[in-house]
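coords_39.pdb, holding PDB, C-alpha atoms:
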```pdb
ATOM      1  CA  MET A  23     -18.821  11.825  29.471  1.00  0.00           C
ATOM      2  CA  ASP A  24     -19.611  14.190  26.573  1.00  0.00           C
ATOM      3  CA  ARG A  25     -16.117  15.651  26.898  1.00  0.00           C
ATOM      4  CA  ILE A  26     -14.532  12.198  26.715  1.00  0.00           C
ATOM      5  CA  LYS A  27     -16.228  11.244  23.411  1.00  0.00           C
ATOM      6  CA  PRO A  28     -14.415  13.845  21.255  1.00  0.00           C
ATOM      7  CA  PHE A  29     -11.135  12.819  22.892  1.00  0.00           C
ATOM      8  CA  LEU A  30     -11.764   9.142  22.104  1.00  0.00           C
ATOM      9  CA  PHE A  31     -12.673  10.043  18.523  1.00  0.00           C
ATOM     10  CA  TYR A  32      -9.418  11.912  17.966  1.00  0.00           C
ATOM     11  CA  LEU A  33      -7.448   9.178  19.743  1.00  0.00           C
ATOM     12  CA  VAL A  34      -8.921   6.474  17.498  1.00  0.00           C
ATOM     13  CA  SER A  35      -8.400   8.657  14.430  1.00  0.00           C
ATOM     14  CA  PHE A  36      -4.765   9.145  15.418  1.00  0.00           C
ATOM     15  CA  PHE A  37      -4.101   5.404  15.717  1.00  0.00           C
ATOM     16  CA  VAL A  38      -5.890   4.702  12.427  1.00  0.00           C
ATOM     17  CA  LEU A  39      -3.781   7.333  10.674  1.00  0.00           C
ATOM     18  CA  CYS A  40      -0.607   5.895  12.193  1.00  0.00           C
ATOM     19  CA  SER A  41      -1.614   2.404  11.046  1.00  0.00           C
ATOM     20  CA  LEU A  42      -2.212   3.594   7.497  1.00  0.00           C
ATOM     21  CA  GLN A  43       1.114   5.409   7.405  1.00  0.00           C
ATOM     22  CA  SER A  44       2.834   2.320   8.818  1.00  0.00           C
ATOM     23  CA  ALA A  45       1.211   0.105   6.182  1.00  0.00           C
ATOM     24  CA  LYS A  46       2.314   2.517   3.461  1.00  0.00           C
ATOM     25  CA  ALA A  47       5.851   2.552   4.851  1.00  0.00           C
ATOM     26  CA  GLN A  48       5.937  -1.247   5.012  1.00  0.00           C
ATOM     27  CA  ASP A  49       4.755  -1.437   1.411  1.00  0.00           C
ATOM     28  CA  THR A  50       7.528   0.897   0.303  1.00  0.00           C
ATOM     29  CA  ALA A  51       9.998  -1.092   2.384  1.00  0.00           C
ATOM     30  CA  SER A  52       8.852  -4.324   0.713  1.00  0.00           C
ATOM     31  CA  ILE A  53       9.306  -2.804  -2.730  1.00  0.00           C
ATOM     32  CA  ARG A  54      12.791  -1.601  -1.883  1.00  0.00           C
ATOM     33  CA  LYS A  55      13.692  -4.968  -0.338  1.00  0.00           C
ATOM     34  CA  SER A  56      12.592  -6.781  -3.501  1.00  0.00           C
ATOM     35  CA  VAL A  57      14.512  -4.407  -5.767  1.00  0.00           C
ATOM     36  CA  LYS A  58      17.669  -4.714  -3.659  1.00  0.00           C
ATOM     37  CA  TYR A  59      17.386  -8.505  -3.674  1.00  0.00           C
ATOM     38  CA  GLN A  60      17.135  -8.674  -7.449  1.00  0.00           C
ATOM     39  CA  MET A  61      19.955  -6.225  -8.098  1.00  0.00           C
ATOM     40  CA  THR A  62      22.182  -8.095  -5.629  1.00  0.00           C
ATOM     41  CA  VAL A  63      21.448 -11.618  -6.873  1.00  0.00           C
ATOM     42  CA  TYR A  64      20.971 -10.610 -10.533  1.00  0.00           C
ATOM     43  CA  PRO A  65      23.107  -7.474 -11.079  1.00  0.00           C
ATOM     44  CA  ALA A  66      22.680  -7.789 -14.861  1.00  0.00           C
ATOM     45  CA  SER A  67      18.970  -6.957 -14.457  1.00  0.00           C
ATOM     46  CA  THR A  68      17.556  -4.093 -16.489  1.00  0.00           C
ATOM     47  CA  LEU A  69      14.486  -2.025 -15.679  1.00  0.00           C
ATOM     48  CA  CYS A  70      12.500  -4.405 -17.886  1.00  0.00           C
ATOM     49  CA  ASP A  71      13.595  -7.383 -15.772  1.00  0.00           C
ATOM     50  CA  LEU A  72      12.566  -5.583 -12.598  1.00  0.00           C
ATOM     51  CA  TYR A  73       9.239  -4.736 -14.225  1.00  0.00           C
ATOM     52  CA  LYS A  74       8.728  -8.393 -15.105  1.00  0.00           C
ATOM     53  CA  ASN A  75       9.297  -9.462 -11.502  1.00  0.00           C
ATOM     54  CA  PHE A  76       6.684  -7.066 -10.106  1.00  0.00           C
ATOM     55  CA  PHE A  77       4.282  -7.769 -12.975  1.00  0.00           C
ATOM     56  CA  GLN A  78       4.492 -11.482 -12.219  1.00  0.00           C
ATOM     57  CA  ASP A  79       3.719 -10.760  -8.576  1.00  0.00           C
ATOM     58  CA  ALA A  80       0.534  -8.938  -9.598  1.00  0.00           C
ATOM     59  CA  TYR A  81      -0.682 -11.139 -12.464  1.00  0.00           C
ATOM     60  CA  GLY A  82       0.941 -14.541 -12.039  1.00  0.00           C
ATOM     61  CA  PRO A  83       0.743 -17.018 -14.944  1.00  0.00           C
ATOM     62  CA  GLY A  84      -2.962 -16.436 -15.667  1.00  0.00           C
ATOM     63  CA  HIS A  85      -2.351 -14.945 -19.112  1.00  0.00           C
ATOM     64  CA  LEU A  86      -1.007 -18.353 -20.184  1.00  0.00           C
ATOM     65  CA  MET A  87      -4.180 -20.255 -19.229  1.00  0.00           C
ATOM     66  CA  PRO A  88      -4.797 -23.009 -21.797  1.00  0.00           C
ATOM     67  CA  VAL A  89      -8.300 -23.434 -23.192  1.00  0.00           C
ATOM     68  CA  GLY A  90      -9.240 -27.014 -24.016  1.00  0.00           C
ATOM     69  CA  ASP A  91      -7.436 -30.343 -23.924  1.00  0.00           C
ATOM     70  CA  GLU A  92      -5.365 -29.633 -27.029  1.00  0.00           C
ATOM     71  CA  ALA A  93      -4.013 -26.373 -25.613  1.00  0.00           C
ATOM     72  CA  GLU A  94      -3.216 -28.073 -22.305  1.00  0.00           C
ATOM     73  CA  ALA A  95      -1.376 -30.875 -24.134  1.00  0.00           C
ATOM     74  CA  LYS A  96       0.691 -28.293 -26.017  1.00  0.00           C
ATOM     75  CA  MET A  97       1.534 -26.535 -22.762  1.00  0.00           C
ATOM     76  CA  ARG A  98       2.615 -29.823 -21.209  1.00  0.00           C
ATOM     77  CA  LYS A  99       4.875 -30.578 -24.184  1.00  0.00           C
ATOM     78  CA  TYR A 100       6.330 -27.069 -24.108  1.00  0.00           C
ATOM     79  CA  LEU A 101       7.138 -27.468 -20.416  1.00  0.00           C
ATOM     80  CA  ARG A 102       8.835 -30.829 -21.019  1.00  0.00           C
ATOM     81  CA  ASP A 103      10.886 -29.305 -23.832  1.00  0.00           C
ATOM     82  CA  GLU A 104      11.918 -26.387 -21.651  1.00  0.00           C
ATOM     83  CA  CYS A 105      12.917 -28.729 -18.828  1.00  0.00           C
ATOM     84  CA  GLU A 106      15.282 -30.422 -21.262  1.00  0.00           C
ATOM     85  CA  LYS A 107      16.598 -27.049 -22.425  1.00  0.00           C
ATOM     86  CA  ALA A 108      17.157 -26.000 -18.824  1.00  0.00           C
ATOM     87  CA  ARG A 109      19.209 -29.140 -18.288  1.00  0.00           C
ATOM     88  CA  HIS A 110      21.610 -28.081 -21.028  1.00  0.00           C
ATOM     89  CA  ASP A 111      21.574 -24.366 -20.161  1.00  0.00           C
ATOM     90  CA  THR A 112      22.556 -25.100 -16.548  1.00  0.00           C
ATOM     91  CA  THR A 113      20.154 -22.481 -15.195  1.00  0.00           C
ATOM     92  CA  LEU A 114      21.654 -20.236 -12.521  1.00  0.00           C
ATOM     93  CA  LEU A 115      18.402 -19.485 -10.714  1.00  0.00           C
ATOM     94  CA  PRO A 116      17.798 -20.724  -7.160  1.00  0.00           C
ATOM     95  CA  TYR A 117      15.287 -23.549  -6.859  1.00  0.00           C
ATOM     96  CA  TYR A 118      12.610 -21.076  -5.781  1.00  0.00           C
ATOM     97  CA  GLU A 119      12.176 -17.408  -4.924  1.00  0.00           C
ATOM     98  CA  GLN A 120       9.219 -15.123  -4.355  1.00  0.00           C
ATOM     99  CA  THR A 121       8.058 -12.545  -6.861  1.00  0.00           C
ATOM    100  CA  GLY A 122       7.846  -8.805  -6.262  1.00  0.00           C
ATOM    101  CA  ALA A 123       7.043  -7.078  -2.997  1.00  0.00           C
ATOM    102  CA  LEU A 124       4.040  -9.137  -1.935  1.00  0.00           C
ATOM    103  CA  GLY A 125       5.228 -12.632  -2.805  1.00  0.00           C
ATOM    104  CA  ASN A 126       1.877 -13.647  -4.295  1.00  0.00           C
ATOM    105  CA  PHE A 127       3.684 -16.117  -6.547  1.00  0.00           C
ATOM    106  CA  VAL A 128       6.896 -18.131  -6.422  1.00  0.00           C
ATOM    107  CA  ARG A 129       9.312 -18.662  -9.283  1.00  0.00           C
ATOM    108  CA  VAL A 130      10.115 -22.379  -9.300  1.00  0.00           C
ATOM    109  CA  SER A 131      13.196 -23.277 -11.308  1.00  0.00           C
ATOM    110  CA  LEU A 132      12.851 -26.157 -13.755  1.00  0.00           C
ATOM    111  CA  SER A 133      16.130 -27.447 -12.317  1.00  0.00           C
ATOM    112  CA  SER A 134      14.010 -28.704  -9.428  1.00  0.00           C
ATOM    113  CA  VAL A 135      12.382 -31.113 -11.895  1.00  0.00           C
ATOM    114  CA  ASN A 136      15.648 -32.095 -13.562  1.00  0.00           C
ATOM    115  CA  ASP A 137      17.283 -32.716 -10.181  1.00  0.00           C
ATOM    116  CA  GLY A 138      14.473 -35.031  -9.068  1.00  0.00           C
ATOM    117  CA  ILE A 139      13.032 -32.805  -6.345  1.00  0.00           C
ATOM    118  CA  ILE A 140       9.684 -31.960  -7.952  1.00  0.00           C
ATOM    119  CA  PRO A 141       7.966 -34.575 -10.169  1.00  0.00           C
ATOM    120  CA  PHE A 142       7.053 -33.126 -13.551  1.00  0.00           C
ATOM    121  CA  ASP A 143       3.333 -33.887 -13.156  1.00  0.00           C
ATOM    122  CA  THR A 144       3.293 -32.268  -9.720  1.00  0.00           C
ATOM    123  CA  LEU A 145       4.746 -29.050 -11.088  1.00  0.00           C
ATOM    124  CA  PHE A 146       2.413 -29.076 -14.095  1.00  0.00           C
ATOM    125  CA  SER A 147      -0.730 -29.568 -12.014  1.00  0.00           C
ATOM    126  CA  ALA A 148       0.404 -26.840  -9.591  1.00  0.00           C
ATOM    127  CA  LEU A 149       0.959 -24.538 -12.567  1.00  0.00           C
ATOM    128  CA  LEU A 150      -2.517 -25.170 -13.961  1.00  0.00           C
ATOM    129  CA  GLU A 151      -4.096 -24.534 -10.570  1.00  0.00           C
ATOM    130  CA  SER A 152      -2.054 -21.355 -10.161  1.00  0.00           C
ATOM    131  CA  MET A 153      -3.628 -19.918 -13.311  1.00  0.00           C
ATOM    132  CA  LYS A 154      -7.146 -19.992 -11.888  1.00  0.00           C
ATOM    133  CA  ASN A 155      -9.175 -17.589  -9.752  1.00  0.00           C
ATOM    134  CA  ASN A 156      -6.560 -14.894  -9.234  1.00  0.00           C
ATOM    135  CA  PRO A 157      -7.832 -11.317  -8.703  1.00  0.00           C
ATOM    136  CA  LEU A 158      -6.017  -9.181 -11.266  1.00  0.00           C
ATOM    137  CA  PRO A 159      -5.399  -5.417 -11.178  1.00  0.00           C
ATOM    138  CA  SER A 160      -7.079  -3.322 -13.851  1.00  0.00           C
ATOM    139  CA  GLN A 161      -4.928  -1.572 -16.430  1.00  0.00           C
ATOM    140  CA  ALA A 162      -5.248   1.735 -14.565  1.00  0.00           C
ATOM    141  CA  GLU A 163      -4.451   0.116 -11.213  1.00  0.00           C
ATOM    142  CA  TRP A 164      -1.368  -1.639 -12.529  1.00  0.00           C
ATOM    143  CA  HIS A 165      -0.150   1.536 -14.247  1.00  0.00           C
ATOM    144  CA  LYS A 166      -0.385   3.390 -10.919  1.00  0.00           C
ATOM    145  CA  ILE A 167       1.294   0.545  -9.006  1.00  0.00           C
ATOM    146  CA  TRP A 168       4.156   0.375 -11.485  1.00  0.00           C
ATOM    147  CA  ASN A 169       4.732   4.142 -11.380  1.00  0.00           C
ATOM    148  CA  GLY A 170       5.211   3.886  -7.605  1.00  0.00           C
ATOM    149  CA  ILE A 171       7.568   0.927  -7.972  1.00  0.00           C
ATOM    150  CA  CYS A 172       9.543   2.659 -10.707  1.00  0.00           C
ATOM    151  CA  LYS A 173      10.025   5.694  -8.475  1.00  0.00           C
ATOM    152  CA  GLU A 174      11.601   3.502  -5.790  1.00  0.00           C
ATOM    153  CA  ILE A 175      13.816   1.766  -8.348  1.00  0.00           C
ATOM    154  CA  ASN A 176      15.052   5.126  -9.598  1.00  0.00           C
ATOM    155  CA  ASN A 177      15.751   6.259  -6.034  1.00  0.00           C
ATOM    156  CA  LEU A 178      17.789   3.136  -5.309  1.00  0.00           C
ATOM    157  CA  TYR A 179      19.506   2.468  -8.642  1.00  0.00           C
ATOM    158  CA  PRO A 180      19.435   5.551 -10.875  1.00  0.00           C
ATOM    159  CA  ASN A 181      22.343   4.255 -12.948  1.00  0.00           C
ATOM    160  CA  ILE A 182      20.822   0.999 -14.219  1.00  0.00           C
ATOM    161  CA  GLU A 183      21.997   0.486 -17.791  1.00  0.00           C
ATOM    162  CA  SER A 184      19.507   1.831 -20.377  1.00  0.00           C
ATOM    163  CA  PHE A 185      17.169   3.053 -17.623  1.00  0.00           C
ATOM    164  CA  SER A 186      15.803   6.017 -19.587  1.00  0.00           C
ATOM    165  CA  LYS A 187      15.328   3.987 -22.752  1.00  0.00           C
ATOM    166  CA  ASP A 188      13.570   1.142 -20.927  1.00  0.00           C
ATOM    167  CA  TYR A 189      11.464   3.563 -18.893  1.00  0.00           C
ATOM    168  CA  GLN A 190      10.164   5.191 -22.073  1.00  0.00           C
ATOM    169  CA  TYR A 191       9.545   1.802 -23.682  1.00  0.00           C
ATOM    170  CA  LEU A 192       7.548   0.570 -20.701  1.00  0.00           C
ATOM    171  CA  LYS A 193       5.589   3.831 -20.502  1.00  0.00           C
ATOM    172  CA  GLU A 194       4.564   3.631 -24.150  1.00  0.00           C
ATOM    173  CA  MET A 195       3.757  -0.071 -23.836  1.00  0.00           C
ATOM    174  CA  LEU A 196       1.454   0.508 -20.872  1.00  0.00           C
ATOM    175  CA  ASN A 197      -0.206   3.502 -22.526  1.00  0.00           C
ATOM    176  CA  GLN A 198      -1.079   1.212 -25.432  1.00  0.00           C
ATOM    177  CA  GLY A 199      -2.680  -1.298 -23.068  1.00  0.00           C
ATOM    178  CA  HIS A 200       0.099  -3.903 -23.262  1.00  0.00           C
ATOM    179  CA  PHE A 201       1.530  -5.494 -20.131  1.00  0.00           C
ATOM    180  CA  ILE A 202       3.617  -8.578 -20.916  1.00  0.00           C
ATOM    181  CA  ILE A 203       7.330  -8.521 -21.728  1.00  0.00           C
ATOM    182  CA  HIS A 204      10.174 -11.030 -21.861  1.00  0.00           C
ATOM    183  CA  HIS A 205      13.389 -10.936 -19.885  1.00  0.00           C
ATOM    184  CA  SER A 206      16.060  -8.780 -21.467  1.00  0.00           C
ATOM    185  CA  GLU A 207      18.687 -10.454 -23.626  1.00  0.00           C
ATOM    186  CA  ARG A 208      21.272  -9.328 -21.102  1.00  0.00           C
ATOM    187  CA  TYR A 209      19.433 -11.117 -18.291  1.00  0.00           C
ATOM    188  CA  LYS A 210      18.860 -14.287 -20.328  1.00  0.00           C
ATOM    189  CA  SER A 211      22.499 -14.443 -21.356  1.00  0.00           C
ATOM    190  CA  ALA A 212      23.708 -14.028 -17.776  1.00  0.00           C
ATOM    191  CA  TYR A 213      21.272 -16.314 -15.913  1.00  0.00           C
ATOM    192  CA  HIS A 214      19.526 -18.686 -18.371  1.00  0.00           C
ATOM    193  CA  PRO A 215      16.138 -18.362 -16.634  1.00  0.00           C
ATOM    194  CA  HIS A 216      13.859 -21.402 -16.843  1.00  0.00           C
ATOM    195  CA  TYR A 217      11.051 -21.358 -14.297  1.00  0.00           C
ATOM    196  CA  ARG A 218       7.300 -21.359 -13.786  1.00  0.00           C
ATOM    197  CA  LEU A 219       5.153 -19.215 -11.524  1.00  0.00           C
ATOM    198  CA  ILE A 220       3.267 -21.045  -8.786  1.00  0.00           C
ATOM    199  CA  ARG A 221       0.789 -19.303  -6.501  1.00  0.00           C
ATOM    200  CA  LYS A 222       2.194 -18.967  -2.979  1.00  0.00           C
ATOM    201  CA  ASP A 223      -0.475 -21.002  -1.183  1.00  0.00           C
ATOM    202  CA  ILE A 224      -0.192 -23.833  -3.721  1.00  0.00           C
ATOM    203  CA  PHE A 225       3.602 -23.745  -3.483  1.00  0.00           C
ATOM    204  CA  ASP A 226       3.461 -23.949   0.315  1.00  0.00           C
ATOM    205  CA  GLN A 227       1.006 -26.868   0.283  1.00  0.00           C
ATOM    206  CA  ARG A 228       2.349 -29.004  -2.557  1.00  0.00           C
ATOM    207  CA  LEU A 229       5.928 -28.103  -3.425  1.00  0.00           C
ATOM    208  CA  MET A 230       7.619 -26.744  -0.303  1.00  0.00           C
ATOM    209  CA  PRO A 231       7.283 -30.103   1.537  1.00  0.00           C
ATOM    210  CA  LEU A 232       9.204 -31.730  -1.335  1.00  0.00           C
ATOM    211  CA  PHE A 233      12.020 -29.209  -0.995  1.00  0.00           C
ATOM    212  CA  ASP A 234      12.012 -29.708   2.777  1.00  0.00           C
ATOM    213  CA  ASN A 235      12.184 -33.474   2.313  1.00  0.00           C
ATOM    214  CA  LYS A 236      15.151 -33.088  -0.039  1.00  0.00           C
ATOM    215  CA  THR A 237      16.923 -30.912   2.532  1.00  0.00           C
ATOM    216  CA  ARG A 238      16.328 -33.441   5.330  1.00  0.00           C
ATOM    217  CA  LYS A 239      17.787 -36.246   3.216  1.00  0.00           C
ATOM    218  CA  LYS A 240      21.033 -34.305   2.840  1.00  0.00           C
ATOM    219  CA  HIS A 241      21.603 -34.342   6.625  1.00  0.00           C
TER     220      HIS A 241
END
```
Structure translated into C-alpha cells:
Amino acid sequence: MDRIKPFLFYLVSFFVLCSLQSAKAQDTASIRKSVKYQMTVYPASTLCDLYKNFFQDAYGPGHLMPVGDEAEAKMRKYLRDECEKARHDTTLLPYYEQTGALGNFVRVSLSSVNDGIIPFDTLFSALLESMKNNPLPSQAEWHKIWNGICKEINNLYPNIESFSKDYQYLKEMLNQGHFIIHHSERYKSAYHPHYRLIRKDIFDQRLMPLFDNKTRKKH
C-alpha cells in the first residue's frame, strides 16, 4: 500500500499538469481564433483595433457607467443620437458578435434597433445592467494579458499596417496607466462601427431570444 501512494501522487500530478497545459493551449487557441476572425471579417483592422476588441472583452462598458439621473439621461440621448447616425452610416457590422477570446461581452450593432429587432429601451436597460458588478483586471494584470495577446497577433499577422508604430503607442499608453482607445480612422472609415457592449449572460437572457424570434419569422 505504501508503494502505491507515491505512484498515485505522481499519477495525479501528471494529469493535473496535463490539464493546466491543455487549458493554456486552449487559451492560446482562443486568442488566435479571435484574431483570425477579426482580420478575416475586418481586414482593415490595425493593432489598435485588435487591442480594443480584447480590452472590451476584459473590461466591458463599465468605464462608461453614468452617475445620477442626469448622467443617465445624457447617455440615453447619446444612444438615440447614435442610433440615428448608424441609420445614415449604414453600419457594416453583423447584428452581434462576441468580444475577444473569452466572449465575456457581445457587441450588439445599433442596426438591430433601427431594423426593429431590439427595442431601444431593451437595449438601453441591458447596457446599464452590463456596466455593473464586473470583475476587472488590475493595470498590471491587463498589461501582462495584452503582452501575451500581442505576441500571438505578431506571430499570425506580422505585416499589419503600422504595427510597430501602434505597438509603441500602446506600450507607452499602458505604461502611463491609460487603457481606453478609439477605433482607428481606417477601421471607422471602412466599417462605420455603431454598437454597444452587452454582458454575455444578459445578452443570452434578454436579447438573443429577440434575434431568434426574428429569424423564425423569416421562415
### Surrounding residues of segment 148-154 of chain A excluding itself and chain neighbours under 5 positions, 12 Å, all atoms listed in the file, as a PyMOL selection string
chain A and resi 78+81-89+93-95+97-98+101+126-130+140-143+217-230
### Task
Could you tell me which residues the PyMOL selection byres ((chain A and resi 159-176) around 9) grabs in this file, written as a PyMOL selection string?
chain A and resi 50+53-54+57-58+69+72-73+76-77+80-81+157-158+177-182+185+189+193+196-197+199-201
### Message
Here is a test: counting all atoms listed in the file, which residue of A:Cys70, A:Leu192, A:Cys105, A:Ile202 is nearest to Gly138 of chain A?
### Response
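Smallest distance to Gly138 of chain A is found for A:Cys105.
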### Task
Take atom CA of Ser67 of chain A and atom CA of Ala51 of chain A and report the distance between them in Å, one decimal.
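Taking atom CA of Ser67 of chain A and atom CA of Ala51 of chain A, their separation equals 20.0 Å.
Distances to Lys55 of chain A were evaluated for A:Asp79, A:Glu207, A:Leu124, A:Glu104 using only C-alpha atoms, and the minimum falls at A:Leu124.
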### Query
atom CA of Glu119 of chain A and atom CA of Asp137 of chain A are how many Å apart?
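About the pair atom CA of Glu119 of chain A and atom CA of Asp137 of chain A: they are 17.0 Å apart.
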### Query
When distances are computed from all atoms listed in the file, which of A:Asp49, A:Leu232, A:Thr68, A:Ser211 shows the smallest separation from Thr112 of chain A?
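Comparing A:Asp49, A:Leu232, A:Thr68, A:Ser211 against Thr112 of chain A, the winner is A:Ser211.
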### Query
atom CA of Pro116 of chain A and atom CA of Val63 of chain A are how many Å apart?
9.8 Å
### Answer key for the PyMOL selection byres ((chain A and resi 132) around 7), residues as an MDAnalysis selection string
chainID A and resid 105 108 130:131 133:136 216:217
### Summary
Across A:Asp91, A:Glu183, A:Asp111, A:Asp188, the smallest distance to Ala66 of chain A, with only C-alpha atoms counted, is shown by A:Glu183
